[in-house]
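I have placed the structure first, in the form of structure tokens, so that the comments after it can refer back to it.
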Amino acid sequence: MARILFFGKLGDLAGGRAREMALPADACNVAGLIAAIRESDVVLADALEEISVRAVVNEEMARADTAITDQDEIAFLPPVSGG
Amino acid sequence: MARILFFGKLGDLAGGRAREMALPADACNVAGLIAAIRESDVVLADALEEISVRAVVNEEMARADTAITDQDEIAFLPPVSGG
Amino acid sequence: MIRVSEEPFDPGAELTAFERAADGAGAVASFTGKVRARAASGAVNTLYLEHYPGLTEKSIAAIEAEARERWALEHVNIIHRIGRLNPGDPIVMVCVSSAHRRDAFEAADFLMDYLKTEALFWKKEITSGDEAWIEPRDQDYQDAARWRKEK
Amino acid sequence: MIRVSEEPFDPGAELTAFERAADGAGAVASFTGKVRARAASGAVNTLYLEHYPGLTEKSIAAIEAEARERWALEHVNIIHRIGRLNPGDPIVMVCVSSAHRRDAFEAADFLMDYLKTEALFWKKEITSGDEAWIEPRDQDYQDAARWRKEK
């Protein structure tokens with residue numbers, strides 16, 4: 001099971017900060033994961049594709065074509081606001 | 001008696017921070033005071049005339065021609081170094 | 001020292017501890033950011049701060065490393081609250097020591113600008129009956145951009 | 001609050017007191033300057049600081065007034081030691097609170113630059129067997145001059 005993390009407003013949209021998810025066979029990269037999420041939640045998938053949202057795989061910055069597997073932690077980060 | 005104050009290195013040169021002094025009749029301004037001091041202490045008078053030394057009369061910035069009397073407090077301030 | 005914690009902290013006590021550790025430095029600059037009593041909407045303001053455990057600390061360490069490349073620093077402490085905060089609570093504190101004061105001032109200023117725009121925190125403003133995730137203001141991005149132009 | 005005193009002070013305790021007074025401010029910046037352990041000559045360094053009672057406090061009040069004209073400040077504390085100081089002793093501390101952080105940072109920076117070059121203090125450096133009155137470094141005058149150009 002891949003572990004998917006949603007931060008900030010994305011967590012509210014996803015109904016939770018973390019989700020365990022068996023990746024479908026065709027969800028072999030970040031774009032594929034978002035496509036899989038889109039099948040059940042169009043609003044969340046749209047939010048994940050916003051230009052300001054960054055994807056992180058195993059704590060490294062990722063892109064749409066970054067490969068992922070069921071062993072990975074994939075996080076989606078909206079714009080930060082510390083301090 | 002006028003009260004003369006010497007700060008920083010000027011106090012060391014004058015041999016004390018403060019001096020009570022009856023002003024001579026012709027010492028009616030700051031330049032006259034320095035001239036009177038010069039009669040007994042050329043080194044101190046030279047130091048008081050350095051361009052970087054500011055004169056203050058009764059806590060107000062003064063110039064060479066600022067008038068003074070026996071009731072006044074005259075202070076000589078070398079460059080400051082706080083902080 | 002980087003500390004991300006739900007525990008409230010006391011800026012004065014933190015400065016005391018920092019000064020003890022930074023013994024010998026000529027200059028110590030500190031900055032504390034606190035929860036404002038009122039949100040932009042005017043209502044009483046509480047905050048909820050979320051972070052990404054592990055990666056948030058790494059993002060702060062990267063900011064500190066960049067500051068140390070730019071200025072001659074001795075000690076650096078960065079403390080950041082997470083979780084639920086009340087009006088007046090300190091959110092963030094940076095303490096920087098250096099031999100000369102320009103380094104400490106500029107580094108503290110830089111650290112705060114980057115903590116606002118680069119560190120991995122997400123902040124929700126909670127007022128009576130409403131809540132909203134906050135994004136950096138344009139001013140925050142402009143503040144951070146100053147450092148790219150200057151050096 | 002302006003305090004010129006022979007009494008040693010504790011920066012952490014001063015920040016605690018300041019934060020209590022500055023309750024409600026979003027931003028607090030502080031700076032502490034301390035006696036370096038070694039003078040330029042390399043010898044152990046103690047300092048003797050002299051002031052002009054009354055006029056020194058006025059000169060600091062004028063610096064604070066200028067800062068308040070330039071930035072939107074809430075509370076300002078300026079503490080300056082006089083008399084004999086030992087290595088590691090805090091000499092000067094400024095604390096500034098404001099609604100937004102740029103005001104607090106810039107005002108603290110400005111206050112320090114002007115305290116170095118405009119406030120009425122005279123500082124003697126005492127090392128084993130030698131003593132010398134210190135004048136501001138060129139860098140100090142350049143730091144203070146920045147504020148005349150910028151605004």
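Naming works like this for the structure tokens: A, B, ... for the chains as they're shown, residue 1 at the start of each chain, ligands 1 onward in shown order.
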Each residue of chain B lying at most 8 Å from chain D should get a row with its shortest atom-to-atom pair and the distance in Å to one decimal, counting only C-alpha atoms; could you produce that, ordered by chain and increasing number, as CSV?
residue,atom,partner,partner_atom,distance
B:Phe7,CA,D:Trp122,CA,7.2
B:Gly8,CA,D:Trp122,CA,5.3
B:Lys9,CA,D:Trp133,CA,6.2
B:Glu59,CA,D:Leu55,CA,6.3
B:Pro79,CA,D:Glu135,CA,6.2
B:Val80,CA,D:Trp122,CA,5.2
B:Ser81,CA,D:Trp122,CA,5.1
B:Gly82,CA,D:Lys116,CA,4.6
B:Gly83,CA,D:Lys116,CA,5.1
Please dump the current selection as a compact mmCIF listing (two decimals), in the first residue's frame; keep C-alpha atoms.
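File produced: result-v9.txt:
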# COMPACT_ATOMS: atom_id res chain seq x y z
CA PHE B 7 34.35 63.45 28.42
CA GLY B 8 36.28 60.47 27.10
CA LYS B 9 39.91 61.11 26.28
CA GLU B 59 22.96 70.76 27.37
CA PRO B 79 33.54 61.41 19.10
CA VAL B 80 31.10 59.05 20.77
CA SER B 81 31.33 55.26 20.84
CA GLY B 82 28.28 53.56 22.30
CA GLY B 83 26.84 50.11 21.84
Quiz item: Leaving out Ala55 of chain A and any residue of its chain fewer than 6 positions from it, which residues lie within 7 Å of it when counting only C-alpha atoms, given as a list in words?
Solution: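 Near Ala55 of chain A, the qualifying residues are Met61, Ala62, Arg63, Ala75, Phe76 and Leu77 of chain A.
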Selection to disk with C-alpha atoms, as a PDB file, in the first residue's frame:
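See part02.pdb below for the written result:
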ATOM      1  CA  MET A  61      10.628  16.847  -4.670  1.00  0.00           C
ATOM      2  CA  ALA A  62       8.810  15.078  -7.497  1.00  0.00           C
ATOM      3  CA  ARG A  63       7.199  15.857 -10.841  1.00  0.00           C
ATOM      4  CA  ALA A  75       2.794  13.863  -0.329  1.00  0.00           C
ATOM      5  CA  PHE A  76       0.957  16.821  -1.854  1.00  0.00           C
ATOM      6  CA  LEU A  77       1.959  20.258  -0.559  1.00  0.00           C
TER       7      LEU A  77
END
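Of the residues listed (C:Glu74, C:Asp130, C:Glu7, C:Glu14), C:Glu14 shows the shortest atom-to-atom separation from chain D; distances use only C-alpha atoms.
Every protein or nucleic acid residue with an atom no more than 10 Å from segment 10-16 of chain A, counting only C-alpha atoms and leaving out same-chain residues fewer than 2 positions away, appears here: Leu5, Phe6, Phe7, Gly8, Ala18, Arg19, Ile37, Asp41, Val43, Leu44, Ala45, Ala47, Leu48, Val53, Phe76, Leu77 and Pro78 of chain A; Trp133 of chain C.
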Fitted copy of chain B on chain A, all Cα, as a tab-separated table (two decimals) with N, CA and C atoms, in the first residue's frame:
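Once written, out-v9.tsv looks like this:
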chain	number	residue	atom	x	y	z
B	1	MET	N	0.88	-1.21	-0.02
B	1	MET	CA	0.02	-0.02	0.01
B	1	MET	C	0.89	1.24	0.01
B	2	ALA	N	0.65	2.13	-0.95
B	2	ALA	CA	1.32	3.43	-0.91
B	2	ALA	C	0.66	4.29	0.17
B	3	ARG	N	1.47	5.22	0.73
B	3	ARG	CA	0.95	6.12	1.74
B	3	ARG	C	0.85	7.51	1.10
B	4	ILE	N	-0.36	8.05	1.10
B	4	ILE	CA	-0.57	9.35	0.46
B	4	ILE	C	-0.84	10.38	1.56
B	5	LEU	N	-0.13	11.50	1.51
B	5	LEU	CA	-0.32	12.56	2.51
B	5	LEU	C	-0.85	13.82	1.84
B	6	PHE	N	-1.80	14.42	2.50
B	6	PHE	CA	-2.39	15.67	1.99
B	6	PHE	C	-2.23	16.75	3.06
B	7	PHE	N	-1.59	17.86	2.73
B	7	PHE	CA	-1.37	18.91	3.74
B	7	PHE	C	-2.26	20.12	3.49
B	8	GLY	N	-2.46	20.89	4.56
B	8	GLY	CA	-3.21	22.14	4.46
B	8	GLY	C	-4.60	21.90	3.92
B	9	LYS	N	-5.01	22.77	3.01
B	9	LYS	CA	-6.39	22.68	2.49
B	9	LYS	C	-6.65	21.35	1.77
B	10	LEU	N	-5.59	20.70	1.27
B	10	LEU	CA	-5.77	19.43	0.57
B	10	LEU	C	-6.25	18.34	1.53
B	11	GLY	N	-5.78	18.41	2.79
B	11	GLY	CA	-6.24	17.45	3.79
B	11	GLY	C	-7.73	17.60	4.07
B	12	ASP	N	-8.18	18.85	4.11
B	12	ASP	CA	-9.62	19.08	4.32
B	12	ASP	C	-10.42	18.51	3.15
B	13	LEU	N	-9.94	18.76	1.92
B	13	LEU	CA	-10.63	18.26	0.73
B	13	LEU	C	-10.65	16.74	0.69
B	14	ALA	N	-9.53	16.13	1.12
B	14	ALA	CA	-9.41	14.67	1.06
B	14	ALA	C	-10.15	14.00	2.22
B	15	GLY	N	-10.58	14.80	3.19
B	15	GLY	CA	-11.24	14.22	4.35
B	15	GLY	C	-10.27	13.50	5.28
B	16	GLY	N	-8.99	13.90	5.24
B	16	GLY	CA	-8.00	13.28	6.13
B	16	GLY	C	-6.60	13.59	5.65
B	17	ARG	N	-5.65	13.62	6.58
B	17	ARG	CA	-4.25	13.95	6.26
B	17	ARG	C	-3.55	12.83	5.52
B	18	ALA	N	-3.93	11.57	5.83
B	18	ALA	CA	-3.16	10.42	5.31
B	18	ALA	C	-4.13	9.37	4.80
B	19	ARG	N	-3.70	8.67	3.79
B	19	ARG	CA	-4.55	7.65	3.19
B	19	ARG	C	-3.64	6.50	2.73
B	20	GLU	N	-3.99	5.29	3.07
B	20	GLU	CA	-3.27	4.12	2.54
B	20	GLU	C	-4.01	3.70	1.27
B	21	MET	N	-3.28	3.40	0.22
B	21	MET	CA	-3.96	3.15	-1.06
B	21	MET	C	-3.15	2.14	-1.88
B	22	ALA	N	-3.83	1.12	-2.32
B	22	ALA	CA	-3.19	0.18	-3.25
B	22	ALA	C	-3.20	0.85	-4.62
B	23	LEU	N	-2.01	1.04	-5.19
B	23	LEU	CA	-1.96	1.75	-6.47
B	23	LEU	C	-2.51	0.86	-7.58
B	24	PRO	N	-3.40	1.35	-8.41
B	24	PRO	CA	-3.82	0.59	-9.59
B	24	PRO	C	-2.61	0.35	-10.50
B	25	ALA	N	-2.71	-0.66	-11.33
B	25	ALA	CA	-1.57	-1.04	-12.19
B	25	ALA	C	-1.07	0.13	-13.04
B	26	ASP	N	-2.02	0.99	-13.49
B	26	ASP	CA	-1.60	2.07	-14.38
B	26	ASP	C	-1.17	3.34	-13.63
B	27	ALA	N	-1.21	3.31	-12.28
B	27	ALA	CA	-0.78	4.49	-11.51
B	27	ALA	C	0.70	4.38	-11.16
B	28	CYS	N	1.55	4.39	-12.19
B	28	CYS	CA	2.98	4.14	-11.96
B	28	CYS	C	3.77	5.41	-11.74
B	29	ASN	N	3.09	6.56	-11.83
B	29	ASN	CA	3.78	7.80	-11.52
B	29	ASN	C	2.78	8.78	-10.87
B	30	VAL	N	3.25	9.97	-10.53
B	30	VAL	CA	2.42	10.92	-9.79
B	30	VAL	C	1.17	11.28	-10.60
B	31	ALA	N	1.33	11.50	-11.89
B	31	ALA	CA	0.17	11.85	-12.73
B	31	ALA	C	-0.85	10.71	-12.71
B	32	GLY	N	-0.35	9.46	-12.74
B	32	GLY	CA	-1.24	8.30	-12.71
B	32	GLY	C	-2.00	8.21	-11.39
B	33	LEU	N	-1.31	8.57	-10.29
B	33	LEU	CA	-1.97	8.56	-8.98
B	33	LEU	C	-3.12	9.57	-8.95
B	34	ILE	N	-2.86	10.76	-9.48
B	34	ILE	CA	-3.92	11.78	-9.49
B	34	ILE	C	-5.09	11.31	-10.36
B	35	ALA	N	-4.78	10.65	-11.48
B	35	ALA	CA	-5.84	10.13	-12.36
B	35	ALA	C	-6.68	9.10	-11.61
B	36	ALA	N	-6.02	8.26	-10.81
B	36	ALA	CA	-6.75	7.25	-10.04
B	36	ALA	C	-7.64	7.91	-8.99
B	37	ILE	N	-7.12	8.97	-8.35
B	37	ILE	CA	-7.92	9.70	-7.36
B	37	ILE	C	-9.12	10.36	-8.04
B	38	ARG	N	-8.90	10.83	-9.26
B	38	ARG	CA	-9.95	11.53	-10.00
B	38	ARG	C	-11.19	10.65	-10.21
B	39	GLU	N	-10.97	9.35	-10.33
B	39	GLU	CA	-12.11	8.44	-10.57
B	39	GLU	C	-13.15	8.50	-9.46
B	40	SER	N	-12.66	8.80	-8.21
B	40	SER	CA	-13.63	8.86	-7.11
B	40	SER	C	-13.82	10.29	-6.59
B	41	ASP	N	-12.91	11.22	-6.93
B	41	ASP	CA	-12.99	12.55	-6.32
B	41	ASP	C	-12.41	13.61	-7.27
B	42	VAL	N	-13.29	14.14	-8.12
B	42	VAL	CA	-12.84	15.12	-9.12
B	42	VAL	C	-12.33	16.40	-8.47
B	43	VAL	N	-13.02	16.85	-7.42
B	43	VAL	CA	-12.62	18.12	-6.77
B	43	VAL	C	-11.21	18.01	-6.21
B	44	LEU	N	-10.95	16.89	-5.51
B	44	LEU	CA	-9.61	16.70	-4.93
B	44	LEU	C	-8.56	16.61	-6.04
B	45	ALA	N	-8.85	15.85	-7.08
B	45	ALA	CA	-7.88	15.70	-8.18
B	45	ALA	C	-7.56	17.05	-8.82
B	46	ASP	N	-8.60	17.86	-9.02
B	46	ASP	CA	-8.36	19.21	-9.58
B	46	ASP	C	-7.44	20.01	-8.66
B	47	ALA	N	-7.68	19.92	-7.35
B	47	ALA	CA	-6.86	20.67	-6.40
B	47	ALA	C	-5.41	20.18	-6.42
B	48	LEU	N	-5.22	18.86	-6.58
B	48	LEU	CA	-3.85	18.32	-6.61
B	48	LEU	C	-3.10	18.78	-7.85
B	49	GLU	N	-3.84	19.09	-8.90
B	49	GLU	CA	-3.19	19.51	-10.16
B	49	GLU	C	-2.96	21.01	-10.24
B	50	GLU	N	-3.37	21.75	-9.20
B	50	GLU	CA	-3.11	23.20	-9.22
B	50	GLU	C	-1.61	23.46	-9.35
B	51	ILE	N	-1.27	24.49	-10.09
B	51	ILE	CA	0.13	24.78	-10.39
B	51	ILE	C	0.94	25.03	-9.12
B	52	SER	N	0.28	25.52	-8.07
B	52	SER	CA	0.99	25.85	-6.84
B	52	SER	C	1.21	24.64	-5.93
B	53	VAL	N	0.62	23.49	-6.27
B	53	VAL	CA	0.77	22.30	-5.43
B	53	VAL	C	2.02	21.51	-5.86
B	54	ARG	N	2.87	21.22	-4.88
B	54	ARG	CA	4.07	20.44	-5.16
B	54	ARG	C	3.87	19.00	-4.70
B	55	ALA	N	4.39	18.06	-5.49
B	55	ALA	CA	4.35	16.65	-5.08
B	55	ALA	C	5.73	16.26	-4.54
B	56	VAL	N	5.72	15.41	-3.52
B	56	VAL	CA	6.96	14.93	-2.91
B	56	VAL	C	6.84	13.41	-2.83
B	57	VAL	N	7.87	12.70	-3.27
B	57	VAL	CA	7.89	11.24	-3.16
B	57	VAL	C	9.04	10.84	-2.26
B	58	ASN	N	8.73	10.15	-1.17
B	58	ASN	CA	9.75	9.74	-0.20
B	58	ASN	C	10.64	10.93	0.21
B	59	GLU	N	9.99	12.03	0.49
B	59	GLU	CA	10.66	13.25	0.98
B	59	GLU	C	11.56	13.93	-0.05
B	60	GLU	N	11.43	13.54	-1.32
B	60	GLU	CA	12.18	14.25	-2.37
B	60	GLU	C	11.17	14.94	-3.30
B	61	MET	N	11.49	16.15	-3.73
B	61	MET	CA	10.62	16.86	-4.66
B	61	MET	C	10.40	16.00	-5.90
B	62	ALA	N	9.16	15.94	-6.36
B	62	ALA	CA	8.82	15.06	-7.48
B	62	ALA	C	8.11	15.87	-8.57
B	63	ARG	N	7.96	15.24	-9.74
B	63	ARG	CA	7.21	15.85	-10.84
B	63	ARG	C	6.09	14.91	-11.26
B	64	ALA	N	5.30	15.31	-12.22
B	64	ALA	CA	4.17	14.47	-12.66
B	64	ALA	C	4.65	13.10	-13.13
B	65	ASP	N	5.85	13.05	-13.72
B	65	ASP	CA	6.32	11.78	-14.28
B	65	ASP	C	7.25	11.02	-13.33
B	66	THR	N	7.34	11.46	-12.08
B	66	THR	CA	8.16	10.72	-11.11
B	66	THR	C	7.50	9.37	-10.82
B	67	ALA	N	8.28	8.29	-10.95
B	67	ALA	CA	7.75	6.93	-10.75
B	67	ALA	C	7.41	6.69	-9.29
B	68	ILE	N	6.34	5.94	-9.05
B	68	ILE	CA	5.96	5.58	-7.68
B	68	ILE	C	5.58	4.10	-7.63
B	69	THR	N	5.71	3.50	-6.43
B	69	THR	CA	5.31	2.10	-6.22
B	69	THR	C	4.49	2.03	-4.92
B	70	ASP	N	4.01	0.84	-4.62
B	70	ASP	CA	3.22	0.63	-3.41
B	70	ASP	C	4.03	0.80	-2.13
B	71	GLN	N	5.35	0.86	-2.24
B	71	GLN	CA	6.18	1.05	-1.05
B	71	GLN	C	6.43	2.54	-0.75
B	72	ASP	N	5.93	3.43	-1.60
B	72	ASP	CA	6.33	4.84	-1.48
B	72	ASP	C	5.36	5.67	-0.63
B	73	GLU	N	5.92	6.80	-0.16
B	73	GLU	CA	5.10	7.82	0.49
B	73	GLU	C	5.02	9.01	-0.47
B	74	ILE	N	3.81	9.33	-0.84
B	74	ILE	CA	3.61	10.44	-1.79
B	74	ILE	C	2.84	11.54	-1.06
B	75	ALA	N	3.42	12.76	-1.06
B	75	ALA	CA	2.78	13.87	-0.34
B	75	ALA	C	2.47	14.99	-1.30
B	76	PHE	N	1.35	15.65	-1.05
B	76	PHE	CA	0.95	16.81	-1.86
B	76	PHE	C	0.95	18.05	-0.97
B	77	LEU	N	1.73	19.07	-1.39
B	77	LEU	CA	1.95	20.25	-0.56
B	77	LEU	C	1.39	21.51	-1.22
B	78	PRO	N	0.36	22.12	-0.68
B	78	PRO	CA	-0.08	23.42	-1.18
B	78	PRO	C	0.91	24.49	-0.73
B	79	PRO	N	0.72	25.76	-1.15
B	79	PRO	CA	1.66	26.81	-0.73
B	79	PRO	C	1.79	26.86	0.79
B	80	VAL	N	3.00	27.04	1.26
B	80	VAL	CA	3.27	27.02	2.69
B	80	VAL	C	2.95	28.38	3.32
B	81	SER	N	2.78	28.38	4.63
B	81	SER	CA	2.60	29.65	5.34
B	81	SER	C	3.05	29.50	6.78
B	82	GLY	N	4.37	29.57	6.97
B	82	GLY	CA	4.93	29.47	8.32
B	82	GLY	C	4.98	30.81	9.00
B	83	GLY	N	5.63	30.81	10.12
B	83	GLY	CA	6.03	32.05	10.83
B	83	GLY	C	4.93	32.83	11.46
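Listed by chain and then by rising number, the residues of chain B that DSSP assigns to strand (DSSP E or B) from the backbone are Ala2, Arg3, Ile4, Leu5, Phe6, Ala18, Arg19, Glu20, Met21, Asn29, Arg54, Ala55, Val56, Val57, Glu60, Met61, Ala62, Ala67, Glu73, Ile74, Ala75, Phe76 and Leu77 of chain B.
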Practice problem: Write out as a list in words all residues of chain A that backbone DSSP assigns to helix (DSSP H, G or I). | Solution: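 Selecting the helix (DSSP H, G or I) positions of chain A gives Lys9, Leu10, Gly11, Asp12, Leu13, Ala14, Val30, Ala31, Gly32, Leu33, Ile34, Ala35, Ala36, Ile37, Arg38, Val42, Val43, Leu44, Ala45, Asp46, Ala47 and Leu48 of chain A.
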Taking only residues of chain C that have an atom at most 9 Å from an atom of chain D, what is each one's shortest atom pair and its distance in Å to one decimal, using only C-alpha atoms, in chain and number order, as CSV?
residue,atom,partner,partner_atom,distance
C:Asp10,CA,D:Thr16,CA,7.8
C:Pro11,CA,D:Thr16,CA,6.8
C:Gly12,CA,D:Thr16,CA,4.3
C:Ala13,CA,D:Gly12,CA,5.9
C:Glu14,CA,D:Gly12,CA,7.3
C:Leu15,CA,D:Gly12,CA,5.0
C:Thr16,CA,D:Gly12,CA,4.3
C:Ala17,CA,D:Gly12,CA,8.0
C:Phe18,CA,D:Gly12,CA,8.9
C:Glu19,CA,D:Gly12,CA,8.0
C:Asp23,CA,D:Gly88,CA,6.8
C:Gly24,CA,D:Gly88,CA,5.8
C:Ala25,CA,D:Arg36,CA,6.9
C:Gly26,CA,D:Lys34,CA,4.8
C:Ala27,CA,D:Gly33,CA,4.8
C:Val28,CA,D:Thr32,CA,5.1
C:Ala29,CA,D:Phe31,CA,4.4
C:Ser30,CA,D:Ser30,CA,5.1
C:Phe31,CA,D:Ala29,CA,4.4
C:Thr32,CA,D:Val28,CA,5.1
C:Gly33,CA,D:Ala27,CA,4.8
C:Lys34,CA,D:Gly26,CA,4.8
C:Val35,CA,D:Gly26,CA,6.3
C:Arg36,CA,D:Gly26,CA,5.5
C:Ala37,CA,D:Gly24,CA,6.4
C:Pro87,CA,D:Gly24,CA,7.9
C:Gly88,CA,D:Gly24,CA,5.8
C:Pro90,CA,D:Gly26,CA,8.8
C:Ala99,CA,D:Arg36,CA,8.3
C:His100,CA,D:Gly33,CA,8.9
C:Arg101,CA,D:Gly33,CA,7.7
C:Arg102,CA,D:Asp109,CA,8.3
C:Ala104,CA,D:Phe31,CA,8.7
C:Phe105,CA,D:Asp109,CA,6.8
C:Ala108,CA,D:Phe105,CA,8.7
C:Asp109,CA,D:Phe105,CA,6.8
C:Met112,CA,D:Arg101,CA,8.7
C:Asp143,CA,D:Arg102,CA,8.6
Quiz prompt | Between atom CA of Arg84 of chain D and atom CA of Leu73 of chain C - distance in Å to one decimal | solution = 27.8 Å
